[in-house]
file final13.pdb (PDB, C-alpha atoms and all ligand atoms)
ATOM      1  CA  MET A   1      78.353  62.239  79.090
ATOM      2  CA  SER A   2      81.924  61.854  80.374
ATOM      3  CA  ASN A   3      82.981  63.367  83.651
ATOM      4  CA  SER A   4      85.114  65.975  81.932
ATOM      5  CA  GLN A   5      81.998  67.427  80.281
ATOM      6  CA  VAL A   6      80.104  67.934  83.530
ATOM      7  CA  VAL A   7      79.966  71.617  84.381
ATOM      8  CA  SER A   8      79.501  72.221  88.094
ATOM      9  CA  PRO A   9      77.377  75.022  89.595
ATOM     10  CA  VAL A  10      80.631  76.537  90.903
ATOM     11  CA  GLN A  11      82.008  76.703  87.356
ATOM     12  CA  ILE A  12      78.773  78.269  86.089
ATOM     13  CA  ALA A  13      78.899  80.908  88.851
ATOM     14  CA  GLU A  14      82.527  81.618  88.053
ATOM     15  CA  ALA A  15      81.851  81.912  84.326
ATOM     16  CA  ASP A  16      79.016  84.309  85.103
ATOM     17  CA  LEU A  17      81.305  86.527  87.209
ATOM     18  CA  LEU A  18      84.032  86.367  84.569
ATOM     19  CA  ALA A  19      81.585  87.497  81.901
ATOM     20  CA  GLN A  20      80.803  90.619  83.956
ATOM     21  CA  LEU A  21      84.461  91.587  84.305
ATOM     22  CA  ASP A  22      85.656  94.507  82.190
ATOM     23  CA  ALA A  23      89.104  93.629  80.843
ATOM     24  CA  ASP A  24      89.900  97.330  80.374
ATOM     25  CA  LEU A  25      89.242  98.199  84.006
ATOM     26  CA  LEU A  26      91.350  95.605  85.764
ATOM     27  CA  PRO A  27      93.605  96.679  88.602
ATOM     28  CA  ARG A  28      97.272  96.552  87.632
ATOM     29  CA  HIS A  29      98.242  95.726  91.173
ATOM     30  CA  VAL A  30      96.285  93.822  93.817
ATOM     31  CA  ALA A  31      97.610  93.647  97.384
ATOM     32  CA  ILE A  32      96.225  91.056  99.784
ATOM     33  CA  ILE A  33      96.221  90.692 103.566
ATOM     34  CA  MET A  34      95.550  86.971 103.874
ATOM     35  CA  ASP A  35      93.898  86.801 107.290
ATOM     36  CA  GLY A  36      91.743  84.317 109.175
ATOM     37  CA  ASN A  37      93.647  81.033 108.883
ATOM     38  CA  GLY A  38      93.633  80.456 112.635
ATOM     39  CA  ARG A  39      89.906  81.109 112.981
ATOM     40  CA  TRP A  40      89.161  78.852 110.004
ATOM     41  CA  ALA A  41      90.978  76.026 111.790
ATOM     42  CA  ALA A  42      89.407  76.777 115.187
ATOM     43  CA  LEU A  43      85.912  76.616 113.692
ATOM     44  CA  ARG A  44      86.702  73.050 112.628
ATOM     45  CA  GLY A  45      88.444  72.033 115.842
ATOM     46  CA  LEU A  46      91.751  71.771 113.944
ATOM     47  CA  PRO A  47      95.207  73.058 114.904
ATOM     48  CA  ARG A  48      96.039  76.522 113.521
ATOM     49  CA  ILE A  49      98.613  75.073 111.164
ATOM     50  CA  GLU A  50      95.826  73.325 109.235
ATOM     51  CA  GLY A  51      94.347  76.762 108.582
ATOM     52  CA  HIS A  52      97.702  77.958 107.242
ATOM     53  CA  ARG A  53      97.970  74.844 105.083
ATOM     54  CA  GLN A  54      94.514  75.406 103.628
ATOM     55  CA  GLY A  55      95.465  79.054 103.224
ATOM     56  CA  LEU A  56      98.173  78.008 100.790
ATOM     57  CA  THR A  57      95.589  76.218  98.666
ATOM     58  CA  ALA A  58      93.540  79.413  98.646
ATOM     59  CA  LEU A  59      96.630  81.357  97.635
ATOM     60  CA  ARG A  60      97.215  79.091  94.631
ATOM     61  CA  ASP A  61      93.587  79.563  93.528
ATOM     62  CA  VAL A  62      93.723  83.330  93.911
ATOM     63  CA  LEU A  63      97.053  83.681  92.102
ATOM     64  CA  ASP A  64      95.779  81.455  89.294
ATOM     65  CA  ILE A  65      92.679  83.532  88.658
ATOM     66  CA  CYS A  66      94.640  86.800  88.889
ATOM     67  CA  HIS A  67      97.110  85.409  86.347
ATOM     68  CA  GLU A  68      94.330  84.154  84.072
ATOM     69  CA  VAL A  69      92.452  87.460  83.951
ATOM     70  CA  GLY A  70      95.697  89.352  83.354
ATOM     71  CA  ILE A  71      96.635  91.186  86.539
ATOM     72  CA  PRO A  72     100.387  91.816  86.315
ATOM     73  CA  HIS A  73     101.154  92.574  89.968
ATOM     74  CA  VAL A  74     100.019  90.788  93.099
ATOM     75  CA  THR A  75     101.507  91.523  96.517
ATOM     76  CA  ILE A  76     100.734  89.268  99.462
ATOM     77  CA  TYR A  77     101.261  89.764 103.168
ATOM     78  CA  ALA A  78     102.686  86.392 104.149
ATOM     79  CA  PHE A  79     104.385  87.163 107.464
ATOM     80  CA  SER A  80     104.538  90.456 109.302
ATOM     81  CA  HIS A  81     107.249  91.898 111.451
ATOM     82  CA  GLU A  82     104.777  91.583 114.341
ATOM     83  CA  ASN A  83     104.098  87.902 113.578
ATOM     84  CA  TRP A  84     107.489  87.049 115.157
ATOM     85  CA  ASN A  85     105.651  87.551 118.462
ATOM     86  CA  ARG A  86     103.535  84.436 117.880
ATOM     87  CA  PRO A  87     104.330  81.188 119.759
ATOM     88  CA  ALA A  88     107.635  79.710 118.548
ATOM     89  CA  ALA A  89     105.920  76.506 117.388
ATOM     90  CA  GLU A  90     103.566  78.432 115.083
ATOM     91  CA  VAL A  91     106.402  80.565 113.711
ATOM     92  CA  SER A  92     108.499  77.525 112.893
ATOM     93  CA  MET A  93     105.493  75.807 111.254
ATOM     94  CA  LEU A  94     104.933  78.903 109.132
ATOM     95  CA  MET A  95     108.592  78.916 108.099
ATOM     96  CA  ARG A  96     108.310  75.251 107.171
ATOM     97  CA  LEU A  97     105.223  75.963 105.081
ATOM     98  CA  LEU A  98     107.042  78.796 103.304
ATOM     99  CA  ASP A  99     109.866  76.396 102.532
ATOM    100  CA  GLU A 100     107.432  73.762 101.187
ATOM    101  CA  TYR A 101     105.522  76.365  99.174
ATOM    102  CA  LEU A 102     108.638  77.697  97.467
ATOM    103  CA  LYS A 103     110.010  74.240  96.706
ATOM    104  CA  HIS A 104     106.654  73.327  95.198
ATOM    105  CA  GLU A 105     106.081  76.529  93.204
ATOM    106  CA  ARG A 106     109.623  77.172  92.007
ATOM    107  CA  GLN A 107     109.172  75.288  88.738
ATOM    108  CA  SER A 108     105.767  76.811  88.103
ATOM    109  CA  PHE A 109     107.122  80.371  88.554
ATOM    110  CA  MET A 110     109.738  79.588  85.902
ATOM    111  CA  GLU A 111     107.227  77.996  83.523
ATOM    112  CA  ARG A 112     104.675  80.768  83.872
ATOM    113  CA  GLY A 113     107.173  83.631  83.835
ATOM    114  CA  ILE A 114     106.391  84.902  87.309
ATOM    115  CA  ARG A 115     108.912  86.963  89.229
ATOM    116  CA  PHE A 116     109.007  86.026  92.908
ATOM    117  CA  PHE A 117     109.970  89.236  94.660
ATOM    118  CA  PRO A 118     110.406  89.088  98.451
ATOM    119  CA  ILE A 119     110.329  92.261 100.567
ATOM    120  CA  GLY A 120     110.853  92.724 104.299
ATOM    121  CA  ARG A 121     113.590  92.038 106.815
ATOM    122  CA  LEU A 122     114.665  88.815 105.136
ATOM    123  CA  GLU A 123     117.772  88.585 107.312
ATOM    124  CA  LYS A 124     115.475  87.582 110.184
ATOM    125  CA  LEU A 125     114.342  84.414 108.371
ATOM    126  CA  PRO A 126     115.958  81.092 109.336
ATOM    127  CA  HIS A 127     119.084  80.525 107.236
ATOM    128  CA  ALA A 128     117.782  77.675 105.038
ATOM    129  CA  VAL A 129     114.526  79.460 104.218
ATOM    130  CA  ARG A 130     116.353  82.703 103.520
ATOM    131  CA  THR A 131     118.687  80.931 101.116
ATOM    132  CA  LEU A 132     115.756  79.375  99.272
ATOM    133  CA  VAL A 133     113.898  82.703  99.162
ATOM    134  CA  GLN A 134     116.971  84.386  97.678
ATOM    135  CA  GLU A 135     117.551  81.608  95.140
ATOM    136  CA  VAL A 136     113.981  81.688  93.835
ATOM    137  CA  ALA A 137     114.100  85.494  93.760
ATOM    138  CA  GLU A 138     117.323  85.460  91.750
ATOM    139  CA  GLU A 139     116.270  82.826  89.258
ATOM    140  CA  THR A 140     113.007  84.641  88.482
ATOM    141  CA  GLN A 141     114.265  88.230  88.603
ATOM    142  CA  HIS A 142     114.348  88.647  84.824
ATOM    143  CA  PHE A 143     110.581  88.179  84.518
ATOM    144  CA  THR A 144     108.838  91.536  84.400
ATOM    145  CA  GLU A 145     105.306  90.879  83.120
ATOM    146  CA  HIS A 146     104.027  89.119  86.219
ATOM    147  CA  VAL A 147     105.383  89.976  89.630
ATOM    148  CA  LEU A 148     104.408  88.222  92.839
ATOM    149  CA  THR A 149     105.713  90.395  95.656
ATOM    150  CA  VAL A 150     105.769  88.546  98.964
ATOM    151  CA  ALA A 151     106.018  90.517 102.200
ATOM    152  CA  LEU A 152     108.004  88.401 104.656
ATOM    153  CA  SER A 153     109.029  89.666 108.043
ATOM    154  CA  TYR A 154     107.635  92.895 106.672
ATOM    155  CA  GLY A 155     106.604  96.045 108.513
ATOM    156  CA  GLY A 156     105.588  99.187 106.675
ATOM    157  CA  ARG A 157     106.959 101.645 109.216
ATOM    158  CA  ALA A 158     110.313  99.834 109.267
ATOM    159  CA  GLU A 159     110.359 100.081 105.467
ATOM    160  CA  ILE A 160     109.801 103.834 105.655
ATOM    161  CA  ILE A 161     112.549 104.230 108.277
ATOM    162  CA  ASP A 162     114.945 102.222 106.084
ATOM    163  CA  ALA A 163     114.052 104.462 103.145
ATOM    164  CA  VAL A 164     114.747 107.585 105.234
ATOM    165  CA  LYS A 165     118.129 106.156 106.251
ATOM    166  CA  GLY A 166     119.015 105.447 102.615
ATOM    167  CA  LEU A 167     118.005 108.929 101.583
ATOM    168  CA  VAL A 168     119.946 110.610 104.414
ATOM    169  CA  LYS A 169     123.024 108.607 103.467
ATOM    170  CA  ASP A 170     122.792 109.751  99.844
ATOM    171  CA  ILE A 171     122.358 113.363 100.972
ATOM    172  CA  GLN A 172     125.478 113.066 103.162
ATOM    173  CA  LEU A 173     127.403 111.567 100.234
ATOM    174  CA  GLY A 174     126.271 114.463  98.058
ATOM    175  CA  ILE A 175     124.437 112.120  95.642
ATOM    176  CA  VAL A 176     121.111 113.821  96.365
ATOM    177  CA  GLY A 177     120.468 117.468  97.174
ATOM    178  CA  GLU A 178     117.825 118.399  99.746
ATOM    179  CA  GLY A 179     115.991 120.428  97.130
ATOM    180  CA  GLN A 180     115.461 117.280  95.074
ATOM    181  CA  ILE A 181     113.417 115.521  97.750
ATOM    182  CA  ASN A 182     109.894 114.796  96.592
ATOM    183  CA  GLU A 183     107.468 111.857  96.596
ATOM    184  CA  ASP A 184     108.899 110.270  93.458
ATOM    185  CA  LEU A 185     112.445 110.451  94.763
ATOM    186  CA  PHE A 186     111.419 109.020  98.137
ATOM    187  CA  GLU A 187     109.538 106.166  96.447
ATOM    188  CA  GLY A 188     112.857 105.142  94.930
ATOM    189  CA  TYR A 189     114.179 104.277  98.402
ATOM    190  CA  LEU A 190     111.315 101.932  99.277
ATOM    191  CA  THR A 191     111.680  98.186  98.723
ATOM    192  CA  THR A 192     108.720  98.357  96.343
ATOM    193  CA  HIS A 193     110.334 100.957  94.084
ATOM    194  CA  GLY A 194     109.430 100.452  90.468
ATOM    195  CA  LEU A 195     106.163  98.673  91.269
ATOM    196  CA  PRO A 196     102.949 100.577  90.633
ATOM    197  CA  ASP A 197     101.024 101.426  93.815
ATOM    198  CA  PRO A 198      98.299  98.878  94.585
ATOM    199  CA  ASP A 199      94.972  99.741  92.976
ATOM    200  CA  LEU A 200      93.065  97.331  95.185
ATOM    201  CA  LEU A 201      93.787  96.004  98.663
ATOM    202  CA  ILE A 202      91.840  92.962  99.837
ATOM    203  CA  ARG A 203      91.690  91.937 103.487
ATOM    204  CA  THR A 204      89.862  88.793 104.502
ATOM    205  CA  SER A 205      88.437  87.659 107.867
ATOM    206  CA  GLY A 206      86.371  90.693 108.770
ATOM    207  CA  GLU A 207      89.200  92.761 110.249
ATOM    208  CA  THR A 208      89.145  96.296 108.925
ATOM    209  CA  ARG A 209      92.690  97.404 109.609
ATOM    210  CA  ILE A 210      95.908  97.659 107.668
ATOM    211  CA  SER A 211      98.264  96.019 110.202
ATOM    212  CA  ASN A 212     101.367  97.887 109.004
ATOM    213  CA  PHE A 213     101.058  96.698 105.383
ATOM    214  CA  LEU A 214     102.343  99.064 102.689
ATOM    215  CA  PRO A 215     101.282 102.275 104.498
ATOM    216  CA  TRP A 216     103.067 104.552 101.995
ATOM    217  CA  GLN A 217     101.976 102.672  98.899
ATOM    218  CA  ILE A 218      98.241 102.405  99.666
ATOM    219  CA  ALA A 219      97.619 106.137 100.075
ATOM    220  CA  TYR A 220      95.079 106.051  97.199
ATOM    221  CA  THR A 221      94.270 102.351  97.035
ATOM    222  CA  GLU A 222      90.693 101.068  96.994
ATOM    223  CA  LEU A 223      90.075  98.942 100.100
ATOM    224  CA  TYR A 224      87.977  95.771 100.032
ATOM    225  CA  PHE A 225      87.152  94.069 103.296
ATOM    226  CA  THR A 226      85.330  90.749 103.425
ATOM    227  CA  LYS A 227      84.254  88.529 106.302
ATOM    228  CA  THR A 228      85.317  85.432 104.354
ATOM    229  CA  LEU A 229      88.221  83.716 106.084
ATOM    230  CA  TRP A 230      91.324  83.421 103.926
ATOM    231  CA  PRO A 231      91.194  79.621 103.397
ATOM    232  CA  ASP A 232      87.687  80.073 101.937
ATOM    233  CA  PHE A 233      88.689  82.969  99.685
ATOM    234  CA  ARG A 234      88.954  81.342  96.262
ATOM    235  CA  ARG A 235      88.447  82.088  92.573
ATOM    236  CA  GLN A 236      84.845  83.289  92.861
ATOM    237  CA  GLU A 237      85.577  85.477  95.867
ATOM    238  CA  THR A 238      88.490  87.032  93.950
ATOM    239  CA  LEU A 239      86.248  87.774  90.986
ATOM    240  CA  ALA A 240      83.655  89.318  93.328
ATOM    241  CA  ALA A 241      86.358  91.606  94.758
ATOM    242  CA  LEU A 242      87.478  92.606  91.262
ATOM    243  CA  LEU A 243      83.895  93.377  90.244
ATOM    244  CA  ASP A 244      83.402  95.459  93.365
ATOM    245  CA  TYR A 245      86.575  97.364  92.477
ATOM    246  CA  GLN A 246      85.245  97.968  88.959
ATOM    247  CA  SER A 247      82.056  99.449  90.365
ATOM    248  CA  ARG A 248      83.972 102.222  92.125
ATOM    249  CA  GLU A 249      84.845 105.649  90.866
ATOM    250  CA  ARG A 250      88.436 106.577  91.675
ATOM    251  CA  ARG A 251      88.463 110.312  91.954
ATOM    252  CA  PHE A 252      91.957 111.034  93.336
ATOM    253  CA  GLY A 253      90.628 114.255  94.849
ATOM    254  CA  ARG A 254      88.944 115.445  91.657
ATOM    255  CA  VAL A 255      85.205 115.927  91.114
ATOM    256  CA  SER A 256      82.993 113.109  89.866
ATOM    257  CA  HIS A 257      82.966 112.252  86.149
ATOM    258  CA  THR A 258      79.428 111.004  86.392
ATOM    259  CA  GLY A 259      76.984 113.794  86.313
ATOM    260  CA  SER A 260      77.100 115.576  89.658
ATOM    261  CA  PRO A 261      75.381 118.971  89.316
ATOM    262  CA  GLN A 262      78.627 120.776  90.104
ATOM    263  CA  ASN A 263      80.153 119.420  86.885
ATOM    264  CA  GLY A 264      78.315 122.070  84.949
ATOM    265  CA  LEU A 265      79.750 124.952  86.976
TER     266      LEU A 265
HETATM  267  C1  LIG B   1      96.814  84.917 108.662
HETATM  268  O1  LIG B   1      95.976  84.167 109.461
HETATM  269  C2  LIG B   1      98.145  84.249 108.435
HETATM  270  C3  LIG B   1      99.286  84.909 109.089
HETATM  271  C4  LIG B   1      99.217  86.006 109.798
HETATM  272  C5  LIG B   1     100.576  84.291 108.895
HETATM  273  P1  LIG B   1      96.028  84.277 111.043
HETATM  274  O2  LIG B   1      97.002  83.260 111.547
HETATM  275  O3  LIG B   1      96.276  85.662 111.467
HETATM  276  O4  LIG B   1      94.555  83.828 111.436
HETATM  277  P2  LIG B   1      93.635  84.448 112.567
HETATM  278  O5  LIG B   1      93.588  85.922 112.343
HETATM  279  O6  LIG B   1      94.262  84.089 113.865
HETATM  280  O7  LIG B   1      92.315  83.791 112.344
HETATM  281  C1  LIG B   2      98.338  90.503 109.225
HETATM  282  O1  LIG B   2      97.539  89.595 109.894
HETATM  283  C2  LIG B   2      99.601  89.841 108.771
HETATM  284  C3  LIG B   2      99.439  88.811 107.726
HETATM  285  C4  LIG B   2      98.339  88.500 107.115
HETATM  286  C5  LIG B   2     100.665  88.146 107.346
HETATM  287  P1  LIG B   2      97.566  89.499 111.501
HETATM  288  O2  LIG B   2      96.548  88.488 111.861
HETATM  289  O3  LIG B   2      98.939  89.251 111.971
HETATM  290  O4  LIG B   2      97.143  90.965 111.913
HETATM  291  P2  LIG B   2      96.478  91.529 113.258
HETATM  292  O5  LIG B   2      97.356  91.075 114.384
HETATM  293  O6  LIG B   2      95.113  90.946 113.363
HETATM  294  O7  LIG B   2      96.446  92.999 113.066
HETATM  295 MG    MG B   3      95.081  87.229 111.881
END

call {"tool": "encode", "arguments": {"input": "final13.pdb", "output": "structure tokens"}}
result
Amino acid sequence: MSNSQVVSPVQIAEADLLAQLDADLLPRHVAIIMDGNGRWAALRGLPRIEGHRQGLTALRDVLDICHEVGIPHVTIYAFSHENWNRPAAEVSMLMRLLDEYLKHERQSFMERGIRFFPIGRLEKLPHAVRTLVQEVAEETQHFTEHVLTVALSYGGRAEIIDAVKGLVKDIQLGIVGEGQINEDLFEGYLTTHGLPDPDLLIRTSGETRISNFLPWQIAYTELYFTKTLWPDFRRQETLAALLDYQSRERRFGRVSHTGSPQNGL
């Protein structure tokens, strides 16, 4: 038997999970808080940057499997507004990794028809990285079927404040009347306008908080928290999260579809 024919236990486990997945019940939009890189490195006696580096490998795996199963929207929390408060050396390493990642993935986004869509206070990024981010965003902006939204220097409350400012300006200019203000109109002022709200939010590393990520957009999102550290979160872990999502009943405030006694009332 040649090497290429050997099927590993990992592949068998993955195939088994894939077989359980219901293609009709996939989330349209998965948002991910990629957390735990530093702890992954510390557990191995490595510098934090090695955790971030390994985190990029995990990201490639997760995006691949999401693409393969047919999830059109993935949004990742890559760098928060609050992350600027980390030591300068870590921040500059993270910026360098972002630069390397984009240079490496640029071609693949084009070949696979993936829109790279950055959100956040991009003006705070170092000039060279910002230029690259904008170039990759522009050259992929015509792709609509697969969108990778990347939150960079992002804070959800700042996004809401910016949206309020935009709305107030349009009211003052007479473009919008106060009576027209509703949730749909407001959504149009957010950086994520046009994207569906996330159906599923994954956070790794055992933390069970939102850390200022998409607070408006996740109002009705299913939350999935796992203790797995981000660098260890790979294809199988993604499939497990998707299966968990598929086991849930999204009620949106309505009563259960599945046989609660009140249904007969
Ligand atoms: C997430 O991992 C990556 C970023 C926030 C950029 P962390 O760096 O937060 O890792 P921990 O939480 O310290 O383990
Ligand atoms: C959230 O992780 C931000 C990103 C994953 C980019 P943090 O590690 O910065 O969040 P806190 O500080 O634990 O809330
Ligand atoms: Mg963290």

call {"tool": "atom_distance", "arguments": {"input": "final13.pdb", "atom1": "CA of Arg254 in chain A", "atom2": "CA of Gly156 in chain A"}}
result
27.7 Å

call {"tool": "residues_around", "arguments": {"input": "final13.pdb", "residues": "Tyr245 in chain A", "least_positions_apart": "5", "cutoff": "8 Å", "atoms": "all atoms listed in the file", "output": "PyMOL selection string"}}
result
chain A and resi 200+222+224

call {"tool": "resolve_selection", "arguments": {"input": "final13.pdb", "expression": "the PyMOL selection byres (((not hetatm)) within 9 of (chain B and resi 3))", "output": "list in words"}}
result
Met34, Asp35, Gly36, Asn37, Gly38, Arg39, Ser205 and Glu207 of chain A

call {"tool": "closest_atom_pairs", "arguments": {"input": "final13.pdb", "of": "range 17-79 of chain A", "to": "range 102-111 of chain A", "cutoff": "12 Å", "atoms": "only C-alpha atoms", "output": "CSV"}}
result
residue,atom,partner,partner_atom,distance
A:Leu56,CA,A:Leu102,CA,11.0
A:Thr57,CA,A:Glu105,CA,11.8
A:Leu59,CA,A:Glu105,CA,11.5
A:Arg60,CA,A:Glu105,CA,9.3
A:Leu63,CA,A:Phe109,CA,11.2
A:Asp64,CA,A:Ser108,CA,11.1
A:His67,CA,A:Phe109,CA,11.4

call {"tool": "residues_around", "arguments": {"input": "final13.pdb", "residues": "His142 in chain A", "least_positions_apart": "2", "cutoff": "10 Å", "atoms": "all atoms listed in the file", "output": "ChimeraX atom specification"}}
result
/A:113-115,137-140,144-145

call {"tool": "write_last_selection", "arguments": {"input": "final13.pdb", "atoms": "C-alpha atoms", "output": "CSV table (one decimal), keeping the file's coordinate frame"}}
result
chain,number,residue,atom,x,y,z
A,113,GLY,CA,107.2,83.6,83.8
A,114,ILE,CA,106.4,84.9,87.3
A,115,ARG,CA,108.9,87.0,89.2
A,137,ALA,CA,114.1,85.5,93.8
A,138,GLU,CA,117.3,85.5,91.8
A,139,GLU,CA,116.3,82.8,89.3
A,140,THR,CA,113.0,84.6,88.5
A,144,THR,CA,108.8,91.5,84.4
A,145,GLU,CA,105.3,90.9,83.1

call {"tool": "closest_residue", "arguments": {"input": "final13.pdb", "among": "A:Val147, A:Leu173, A:Gly206, A:Pro118", "to": "Gln134 in chain A", "atoms": "only C-alpha atoms"}}
result
A:Pro118

call {"tool": "residues_around", "arguments": {"input": "final13.pdb", "residues": "Asp61 in chain A", "least_positions_apart": "6", "cutoff": "9 Å", "atoms": "only C-alpha atoms", "output": "list of chain:residue names"}}
result
A:Phe233, A:Arg234, A:Arg235

call {"tool": "resolve_selection", "arguments": {"input": "final13.pdb", "expression": "the PyMOL selection byres (((not hetatm)) within 6 of (chain B and resi 2))", "output": "number ranges by chain"}}
result
A: 33-35, 77-80, 83, 211

call {"tool": "write_last_selection", "arguments": {"input": "final13.pdb", "atoms": "C-alpha atoms", "output": "PDB file, keeping the file's coordinate frame"}}
result
ATOM      1  CA  ILE A  33      96.221  90.692 103.566  1.00  0.00           C
ATOM      2  CA  MET A  34      95.550  86.971 103.874  1.00  0.00           C
ATOM      3  CA  ASP A  35      93.898  86.801 107.290  1.00  0.00           C
ATOM      4  CA  TYR A  77     101.261  89.764 103.168  1.00  0.00           C
ATOM      5  CA  ALA A  78     102.686  86.392 104.149  1.00  0.00           C
ATOM      6  CA  PHE A  79     104.385  87.163 107.464  1.00  0.00           C
ATOM      7  CA  SER A  80     104.538  90.456 109.302  1.00  0.00           C
ATOM      8  CA  ASN A  83     104.098  87.902 113.578  1.00  0.00           C
ATOM      9  CA  SER A 211      98.264  96.019 110.202  1.00  0.00           C
TER      10      SER A 211
END

call {"tool": "atom_distance", "arguments": {"input": "final13.pdb", "atom1": "CA of His73 in chain A", "atom2": "CA of Arg203 in chain A"}}
result
16.5 Å

call {"tool": "resolve_selection", "arguments": {"input": "final13.pdb", "expression": "the PyMOL selection byres (((chain A and resi 249-253) around 12) and not hetatm)", "output": "NGL selection string"}}
result
:A and (25 or 27 or 199-200 or 219-223 or 244-248 or 254-258)

call {"tool": "residues_near_point", "arguments": {"input": "final13.pdb", "point": "(106.7, 84.1, 115.0)", "cutoff": "12 Å", "atoms": "all atoms listed in the file", "output": "PyMOL selection string"}}
result
chain A and resi 78-96+124-126+152-153

call {"tool": "residues_around", "arguments": {"input": "final13.pdb", "residues": "Ala41 in chain A", "least_positions_apart": "6", "cutoff": "12 Å", "atoms": "all atoms listed in the file", "output": "PyMOL selection string"}}
result
chain A and resi 47-55+229-232

call {"tool": "closest_residue", "arguments": {"input": "final13.pdb", "among": "A:Ile32, A:Val62, A:Ile160, A:Ile175", "to": "ligand LIG 1 (chain B)", "atoms": "only C-alpha atoms and all ligand atoms"}}
result
A:Ile32

call {"tool": "residues_near_point", "arguments": {"input": "final13.pdb", "point": "(84.5, 77.0, 89.1)", "cutoff": "12 Å", "atoms": "all atoms listed in the file", "output": "list in words"}}
result
Val6, Val7, Ser8, Pro9, Val10, Gln11, Ile12, Ala13, Glu14, Ala15, Asp16, Leu17, Leu18, Asp61, Ile65, Arg234, Arg235, Gln236, Glu237, Thr238 and Leu239 of chain A

call {"tool": "decode", "arguments": {"input": "final13.pdb", "residues": "range 92-104 of chain A", "atoms": "N, CA, C and O atoms", "output": "short mmCIF file (atom, residue, chain, number, x, y, z; two decimals), in the first residue's frame"}}
result
data_model
loop_
_atom_site.label_atom_id
_atom_site.label_comp_id
_atom_site.auth_asym_id
_atom_site.auth_seq_id
_atom_site.Cartn_x
_atom_site.Cartn_y
_atom_site.Cartn_z
N SER A 92 3.96 44.45 18.00
CA SER A 92 4.66 44.54 16.71
C SER A 92 4.85 43.15 16.10
O SER A 92 4.78 42.99 14.87
N MET A 93 5.02 42.13 16.93
CA MET A 93 5.07 40.75 16.40
C MET A 93 3.75 40.37 15.75
O MET A 93 3.71 39.75 14.69
N LEU A 94 2.65 40.75 16.39
CA LEU A 94 1.34 40.43 15.83
C LEU A 94 1.13 41.13 14.50
O LEU A 94 0.57 40.56 13.55
N MET A 95 1.59 42.37 14.41
CA MET A 95 1.46 43.12 13.15
C MET A 95 2.30 42.44 12.06
O MET A 95 1.91 42.35 10.90
N ARG A 96 3.48 41.96 12.47
CA ARG A 96 4.34 41.28 11.49
C ARG A 96 3.68 39.99 11.01
O ARG A 96 3.72 39.66 9.82
N LEU A 97 3.05 39.28 11.94
CA LEU A 97 2.37 38.04 11.55
C LEU A 97 1.20 38.32 10.60
O LEU A 97 0.97 37.57 9.66
N LEU A 98 0.49 39.41 10.86
CA LEU A 98 -0.63 39.79 9.99
C LEU A 98 -0.10 40.06 8.58
O LEU A 98 -0.68 39.62 7.58
N ASP A 99 1.00 40.77 8.53
CA ASP A 99 1.65 41.08 7.25
C ASP A 99 2.03 39.78 6.51
O ASP A 99 1.70 39.60 5.35
N GLU A 100 2.68 38.88 7.23
CA GLU A 100 3.10 37.59 6.63
C GLU A 100 1.88 36.81 6.16
O GLU A 100 1.87 36.24 5.07
N TYR A 101 0.84 36.77 7.01
CA TYR A 101 -0.36 36.00 6.69
C TYR A 101 -0.99 36.51 5.40
O TYR A 101 -1.32 35.72 4.50
N LEU A 102 -1.12 37.83 5.30
CA LEU A 102 -1.78 38.39 4.11
C LEU A 102 -0.95 38.17 2.85
O LEU A 102 -1.49 37.85 1.79
N LYS A 103 0.37 38.33 2.98
CA LYS A 103 1.23 38.10 1.81
C LYS A 103 1.12 36.65 1.36
O LYS A 103 1.12 36.36 0.17
N HIS A 104 0.99 35.75 2.33
CA HIS A 104 0.92 34.33 2.02
C HIS A 104 -0.44 33.94 1.44
O HIS A 104 -0.53 33.14 0.51
#
